[in-house]
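Q: The structure's right below; bear with me while I get my questions together.
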Amino acid sequence: MKCTNKVRRICFCMSLILCMSLLTGCGNVAYTFPYDVNSSVSSFNVLAGTGAGRAEPFAADLCVVTEDQTGDGSVDMSQASAAVLFDVNNKKVLYSKNAHERLYPASLTKVMTALVALQNASPDTVLTATDSVKITESGAQLCGLKAGDTMTLDQALHILLMYSANDAAMLIAENIGGSVDHFVEMMNEEAQRLGATNTSFANPHGLSDDNHYTSAYDLYLIFNEAIKYDSFNEIIHMTSYQTAYYDKDGKAKELTVNNTNRFLRGDFQAPENITVIGGKTGTTNAAGHCLILLSRDTSGAPYISVILNSSASDVLYPEMVQLLEQINNVG
């Protein structure tokens, strides 16, 4: 019994010493491996297979804007609220003005609508219109959808991106999301996933709402993701589109739309050595005149440019020409 009591006392003492050492905290502990971002045991690094290496940070494959970068002043953006130009391959910021300012995006919203649709459905998915496609706001761009009309997602995306039809946006949202509200939730979830933290969507079309806003930089993030889809690139590059969809009785309804992009329509010319592939236009009274573009230089390298809240269409496009001209200044 005495031996047992002795063992118990020794165990108790050892436990007490251990507890006291743990309660002293880590303030006076000297670590063998001090923090180092290059260390294989750093929280910023991962071990892969038999070798160690640095983990790629979130924005490793993106352009990052920390401040305005307006160059030598050759770009006059005085009549626009925000503008950016990015070299996609080299992750370089060639121009930025108010890149993170929250602004109304108008129909540039539809880039996200198209992206979420492409992520969640195949192009041949058949969509059926309900009364939700009825939009009565004055001046809203519509293709004339009625309840009971049917078309494929591919058709709807052409009408959405080229003609900017708001009823096509509602058609896509309700069918792909199950409801328009749920689709808008999906849009906001995707925005957060992409790091578009200055973005809040309230609808799939971009008609003005106090809770519907984004930034030039966030639009770059969204557009940069959308151009990963070949069908998206093909659609935004088209000048016109002719199709036929069906009403509730199965009768064909023919439709022809032209691209709203004035570069593709031939109203304005890109700078020498620059080719405008396509993009998205947007205009409302609250948002002003907006434009996002994918362009390429003579080697085929891609560039993304955005202008938000310009004063007029005839101002917006010359501003974009000046912005694109900066590509030719890259050394």
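Following the order of the structure tokens, first chain is A, next is B, and so on, with residues numbered from 1 inside each chain and ligands from 1 in the order they appear.
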Please identify all polymer residues within 8 Å of Thr260 of chain A, counting only C-alpha atoms, omitting same-chain residues fewer than 3 positions from it, and present them as a list in words.

A: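 Here the answer would be Met162, Tyr163, Ser164, Arg265, Lys280 and Thr281 of chain A.
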
Q: Filtering to C-alpha atoms, could you give me those residues as a CSV table (one decimal), in the first residue's frame?

A:
```csv
chain,number,residue,atom,x,y,z
A,162,MET,CA,-25.4,41.0,-77.6
A,163,TYR,CA,-28.7,42.8,-77.4
A,164,SER,CA,-28.7,43.3,-73.6
A,265,ARG,CA,-20.8,47.9,-85.1
A,280,LYS,CA,-20.6,44.3,-72.7
A,281,THR,CA,-22.3,47.6,-72.8
```

Q: Near Thr109 of chain A, within 12 Å and counting only C-alpha atoms, which residues show up once chain neighbours fewer than 3 positions away are dropped, as a ChimeraX atom specification?

A: /A:103-106,112-116,160-161,164-166,169,184,187-188,191,199-208,212-216,218-220,222-223,279-284,287,290-292

Q: Find the spatial neighbours of segment 146-154 of chain A, counting only C-alpha atoms, within a cut-off of 10 Å - ignore same-chain residues fewer than 5 positions away - and output them as a PDB file with N, CA and C atoms, in the first residue's frame.

A:
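The file below, out_17.pdb, is the result:
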```pdb
ATOM      1  N   ALA A 114     -24.535  35.679 -67.209  1.00  0.00           N
ATOM      2  CA  ALA A 114     -24.075  34.678 -68.175  1.00  0.00           C
ATOM      3  C   ALA A 114     -23.115  33.686 -67.525  1.00  0.00           C
ATOM      4  N   ALA A 117     -24.953  31.223 -65.304  1.00  0.00           N
ATOM      5  CA  ALA A 117     -25.719  30.305 -66.148  1.00  0.00           C
ATOM      6  C   ALA A 117     -24.821  29.249 -66.782  1.00  0.00           C
ATOM      7  N   LEU A 118     -23.681  29.664 -67.300  1.00  0.00           N
ATOM      8  CA  LEU A 118     -22.754  28.731 -67.935  1.00  0.00           C
ATOM      9  C   LEU A 118     -22.173  27.743 -66.939  1.00  0.00           C
ATOM     10  N   ALA A 121     -25.561  25.175 -66.118  1.00  0.00           N
ATOM     11  CA  ALA A 121     -26.451  24.520 -67.098  1.00  0.00           C
ATOM     12  C   ALA A 121     -25.743  24.383 -68.437  1.00  0.00           C
ATOM     13  N   SER A 122     -26.202  23.436 -69.233  1.00  0.00           N
ATOM     14  CA  SER A 122     -25.645  23.253 -70.566  1.00  0.00           C
ATOM     15  C   SER A 122     -26.346  24.175 -71.551  1.00  0.00           C
ATOM     16  N   PRO A 123     -25.672  24.531 -72.645  1.00  0.00           N
ATOM     17  CA  PRO A 123     -26.257  25.463 -73.618  1.00  0.00           C
ATOM     18  C   PRO A 123     -27.574  25.005 -74.218  1.00  0.00           C
ATOM     19  N   ASP A 124     -27.814  23.694 -74.270  1.00  0.00           N
ATOM     20  CA  ASP A 124     -29.044  23.199 -74.886  1.00  0.00           C
ATOM     21  C   ASP A 124     -30.203  23.074 -73.895  1.00  0.00           C
ATOM     22  N   THR A 125     -30.007  23.545 -72.666  1.00  0.00           N
ATOM     23  CA  THR A 125     -31.086  23.550 -71.677  1.00  0.00           C
ATOM     24  C   THR A 125     -32.254  24.403 -72.177  1.00  0.00           C
ATOM     25  N   VAL A 126     -33.453  23.864 -72.141  1.00  0.00           N
ATOM     26  CA  VAL A 126     -34.630  24.605 -72.614  1.00  0.00           C
ATOM     27  C   VAL A 126     -35.200  25.448 -71.475  1.00  0.00           C
ATOM     28  N   LEU A 127     -35.398  26.731 -71.753  1.00  0.00           N
ATOM     29  CA  LEU A 127     -35.926  27.672 -70.776  1.00  0.00           C
ATOM     30  C   LEU A 127     -37.359  28.047 -71.145  1.00  0.00           C
ATOM     31  N   THR A 128     -38.200  28.157 -70.147  1.00  0.00           N
ATOM     32  CA  THR A 128     -39.602  28.527 -70.371  1.00  0.00           C
ATOM     33  C   THR A 128     -39.916  29.809 -69.615  1.00  0.00           C
ATOM     34  N   ALA A 129     -40.481  30.783 -70.316  1.00  0.00           N
ATOM     35  CA  ALA A 129     -40.773  32.081 -69.717  1.00  0.00           C
ATOM     36  C   ALA A 129     -42.043  32.040 -68.875  1.00  0.00           C
ATOM     37  N   THR A 130     -42.041  32.795 -67.781  1.00  0.00           N
ATOM     38  CA  THR A 130     -43.238  33.018 -66.973  1.00  0.00           C
ATOM     39  C   THR A 130     -43.528  34.525 -66.987  1.00  0.00           C
ATOM     40  N   ASP A 131     -44.448  34.954 -66.166  1.00  0.00           N
ATOM     41  CA  ASP A 131     -44.782  36.381 -66.107  1.00  0.00           C
ATOM     42  C   ASP A 131     -43.633  37.232 -65.574  1.00  0.00           C
ATOM     43  N   SER A 132     -42.601  36.586 -65.024  1.00  0.00           N
ATOM     44  CA  SER A 132     -41.463  37.347 -64.495  1.00  0.00           C
ATOM     45  C   SER A 132     -40.701  38.092 -65.594  1.00  0.00           C
ATOM     46  N   VAL A 133     -40.871  37.674 -66.842  1.00  0.00           N
ATOM     47  CA  VAL A 133     -40.149  38.342 -67.927  1.00  0.00           C
ATOM     48  C   VAL A 133     -40.787  39.683 -68.292  1.00  0.00           C
ATOM     49  N   LYS A 134     -41.944  39.957 -67.724  1.00  0.00           N
ATOM     50  CA  LYS A 134     -42.620  41.225 -68.011  1.00  0.00           C
ATOM     51  C   LYS A 134     -41.982  42.345 -67.203  1.00  0.00           C
ATOM     52  N   ILE A 159     -28.951  36.626 -76.899  1.00  0.00           N
ATOM     53  CA  ILE A 159     -29.828  37.788 -76.778  1.00  0.00           C
ATOM     54  C   ILE A 159     -29.420  38.649 -75.571  1.00  0.00           C
ATOM     55  N   LEU A 160     -29.013  37.987 -74.504  1.00  0.00           N
ATOM     56  CA  LEU A 160     -28.595  38.674 -73.285  1.00  0.00           C
ATOM     57  C   LEU A 160     -27.346  39.511 -73.501  1.00  0.00           C
ATOM     58  N   ASP A 167     -35.485  41.103 -70.354  1.00  0.00           N
ATOM     59  CA  ASP A 167     -36.400  39.978 -70.185  1.00  0.00           C
ATOM     60  C   ASP A 167     -35.674  38.645 -70.382  1.00  0.00           C
ATOM     61  N   ALA A 168     -34.639  38.637 -71.213  1.00  0.00           N
ATOM     62  CA  ALA A 168     -33.824  37.426 -71.372  1.00  0.00           C
ATOM     63  C   ALA A 168     -33.069  37.120 -70.080  1.00  0.00           C
ATOM     64  N   LEU A 171     -35.527  35.480 -67.777  1.00  0.00           N
ATOM     65  CA  LEU A 171     -35.759  34.116 -68.257  1.00  0.00           C
ATOM     66  C   LEU A 171     -34.657  33.183 -67.777  1.00  0.00           C
ATOM     67  N   ILE A 172     -33.425  33.595 -67.962  1.00  0.00           N
ATOM     68  CA  ILE A 172     -32.283  32.779 -67.544  1.00  0.00           C
ATOM     69  C   ILE A 172     -32.288  32.581 -66.031  1.00  0.00           C
ATOM     70  N   ASN A 175     -35.121  30.177 -64.635  1.00  0.00           N
ATOM     71  CA  ASN A 175     -34.973  28.782 -65.044  1.00  0.00           C
ATOM     72  C   ASN A 175     -33.726  28.132 -64.459  1.00  0.00           C
ATOM     73  N   ILE A 176     -32.628  28.846 -64.416  1.00  0.00           N
ATOM     74  CA  ILE A 176     -31.381  28.257 -63.915  1.00  0.00           C
ATOM     75  C   ILE A 176     -31.341  28.255 -62.397  1.00  0.00           C
ATOM     76  N   SER A 231     -17.818  29.681 -75.340  1.00  0.00           N
ATOM     77  CA  SER A 231     -19.097  30.165 -75.844  1.00  0.00           C
ATOM     78  C   SER A 231     -19.305  31.631 -75.505  1.00  0.00           C
ATOM     79  N   PHE A 232     -18.852  32.055 -74.353  1.00  0.00           N
ATOM     80  CA  PHE A 232     -18.953  33.464 -73.973  1.00  0.00           C
ATOM     81  C   PHE A 232     -18.145  34.331 -74.939  1.00  0.00           C
ATOM     82  N   ILE A 235     -19.825  34.564 -78.390  1.00  0.00           N
ATOM     83  CA  ILE A 235     -21.016  35.406 -78.416  1.00  0.00           C
ATOM     84  C   ILE A 235     -20.656  36.883 -78.418  1.00  0.00           C
ATOM     85  N   THR A 243     -32.277  34.054 -84.950  1.00  0.00           N
ATOM     86  CA  THR A 243     -32.730  32.794 -84.375  1.00  0.00           C
ATOM     87  C   THR A 243     -34.253  32.740 -84.410  1.00  0.00           C
ATOM     88  N   ALA A 244     -34.790  31.615 -83.978  1.00  0.00           N
ATOM     89  CA  ALA A 244     -36.239  31.449 -83.842  1.00  0.00           C
ATOM     90  C   ALA A 244     -36.515  30.665 -82.568  1.00  0.00           C
ATOM     91  N   TYR A 245     -37.433  31.165 -81.758  1.00  0.00           N
ATOM     92  CA  TYR A 245     -37.854  30.444 -80.564  1.00  0.00           C
ATOM     93  C   TYR A 245     -39.358  30.210 -80.672  1.00  0.00           C
ATOM     94  N   TYR A 246     -39.994  29.666 -79.641  1.00  0.00           N
ATOM     95  CA  TYR A 246     -41.380  29.223 -79.781  1.00  0.00           C
ATOM     96  C   TYR A 246     -42.281  29.821 -78.703  1.00  0.00           C
ATOM     97  N   ASP A 247     -43.517  30.120 -79.110  1.00  0.00           N
ATOM     98  CA  ASP A 247     -44.472  30.617 -78.135  1.00  0.00           C
ATOM     99  C   ASP A 247     -45.162  29.442 -77.447  1.00  0.00           C
ATOM    100  N   LYS A 248     -46.118  29.737 -76.578  1.00  0.00           N
ATOM    101  CA  LYS A 248     -46.755  28.685 -75.780  1.00  0.00           C
ATOM    102  C   LYS A 248     -47.528  27.674 -76.623  1.00  0.00           C
ATOM    103  N   ASP A 249     -47.876  28.062 -77.852  1.00  0.00           N
ATOM    104  CA  ASP A 249     -48.601  27.157 -78.752  1.00  0.00           C
ATOM    105  C   ASP A 249     -47.687  26.431 -79.724  1.00  0.00           C
ATOM    106  N   GLY A 250     -46.370  26.629 -79.563  1.00  0.00           N
ATOM    107  CA  GLY A 250     -45.415  25.961 -80.431  1.00  0.00           C
ATOM    108  C   GLY A 250     -45.157  26.685 -81.741  1.00  0.00           C
ATOM    109  N   LYS A 251     -45.657  27.893 -81.868  1.00  0.00           N
ATOM    110  CA  LYS A 251     -45.446  28.656 -83.091  1.00  0.00           C
ATOM    111  C   LYS A 251     -44.087  29.362 -83.042  1.00  0.00           C
ATOM    112  N   ALA A 252     -43.341  29.271 -84.145  1.00  0.00           N
ATOM    113  CA  ALA A 252     -42.006  29.872 -84.203  1.00  0.00           C
ATOM    114  C   ALA A 252     -42.089  31.395 -84.209  1.00  0.00           C
ATOM    115  N   LYS A 253     -41.173  32.012 -83.473  1.00  0.00           N
ATOM    116  CA  LYS A 253     -41.061  33.475 -83.419  1.00  0.00           C
ATOM    117  C   LYS A 253     -39.635  33.848 -83.817  1.00  0.00           C
TER     118      LYS A 253
END
```

Q: Work out how far atom CA of Asn329 of chain A is from atom CA of Asn89 of chain A, in Å to one decimal.

A: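 Value for the atom CA of Asn89 of chain A-atom CA of Asn329 of chain A distance: 16.1 Å.
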
Q: Report, in Å to a single decimal, how far apart atom CA of Leu221 of chain A and atom CA of Glu137 of chain A are.

A: 29.2 Å

Q: For the interface of segment 176-291 of chain A with segment 311-321 of chain A (cut-off 8 Å, counting only C-alpha atoms), please tabulate each contacting residue of segment 176-291 of chain A alongside its nearest pair of atoms and their separation in Å to one decimal, rows sorted by chain and increasing number, as JSON lines.

A:
```
{"residue": "A:Arg262", "atom": "CA", "partner": "A:Tyr317", "partner_atom": "CA", "distance": 7.8}
{"residue": "A:Phe268", "atom": "CA", "partner": "A:Tyr317", "partner_atom": "CA", "distance": 7.0}
{"residue": "A:Gln269", "atom": "CA", "partner": "A:Val321", "partner_atom": "CA", "distance": 7.6}
{"residue": "A:Ala270", "atom": "CA", "partner": "A:Val321", "partner_atom": "CA", "distance": 5.8}
{"residue": "A:Pro271", "atom": "CA", "partner": "A:Val321", "partner_atom": "CA", "distance": 6.2}
{"residue": "A:Gly288", "atom": "CA", "partner": "A:Ser311", "partner_atom": "CA", "distance": 6.0}
{"residue": "A:His289", "atom": "CA", "partner": "A:Ala312", "partner_atom": "CA", "distance": 5.9}
{"residue": "A:Cys290", "atom": "CA", "partner": "A:Leu316", "partner_atom": "CA", "distance": 7.4}
{"residue": "A:Leu291", "atom": "CA", "partner": "A:Leu316", "partner_atom": "CA", "distance": 7.8}
```

Q: Could you please write out, as a list in words, every residue of segment 52-152 of chain A that DSSP assigns to strand (DSSP E)?

A: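 Matching residues for strand (DSSP E) in segment 52-152 of chain A are Ala52, Gly53, Arg54, Ala82, Ala83, Val84, Leu85, Phe86, Asp87, Lys92, Val93, Leu94, Tyr95, Ser96, Lys97, Val126, Leu127, Thr128, Thr150, Met151 and Thr152 of chain A.
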
Q: How many Å separate atom CA of Val276 of chain A from atom CA of Ser295 of chain A?

A: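 For atom CA of Val276 of chain A relative to atom CA of Ser295 of chain A, the distance reads 4.3 Å.
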
Q: Compare A:Ile307, A:Ala140, A:Ala226, A:Leu255 by their minimum atom-to-atom distance to Ser240 of chain A, counting only C-alpha atoms, and give me the closest one.

A: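 Of A:Ile307, A:Ala140, A:Ala226, A:Leu255, the one nearest Ser240 of chain A is A:Leu255, counting only C-alpha atoms.
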
Q: Determine which residues of segment 63-215 of chain A receive a DSSP assignment of alpha helix (DSSP H), computed from the backbone, and state them as a PyMOL selection string.

A: chain A and resi 109-120+153-158+166-177+180-193
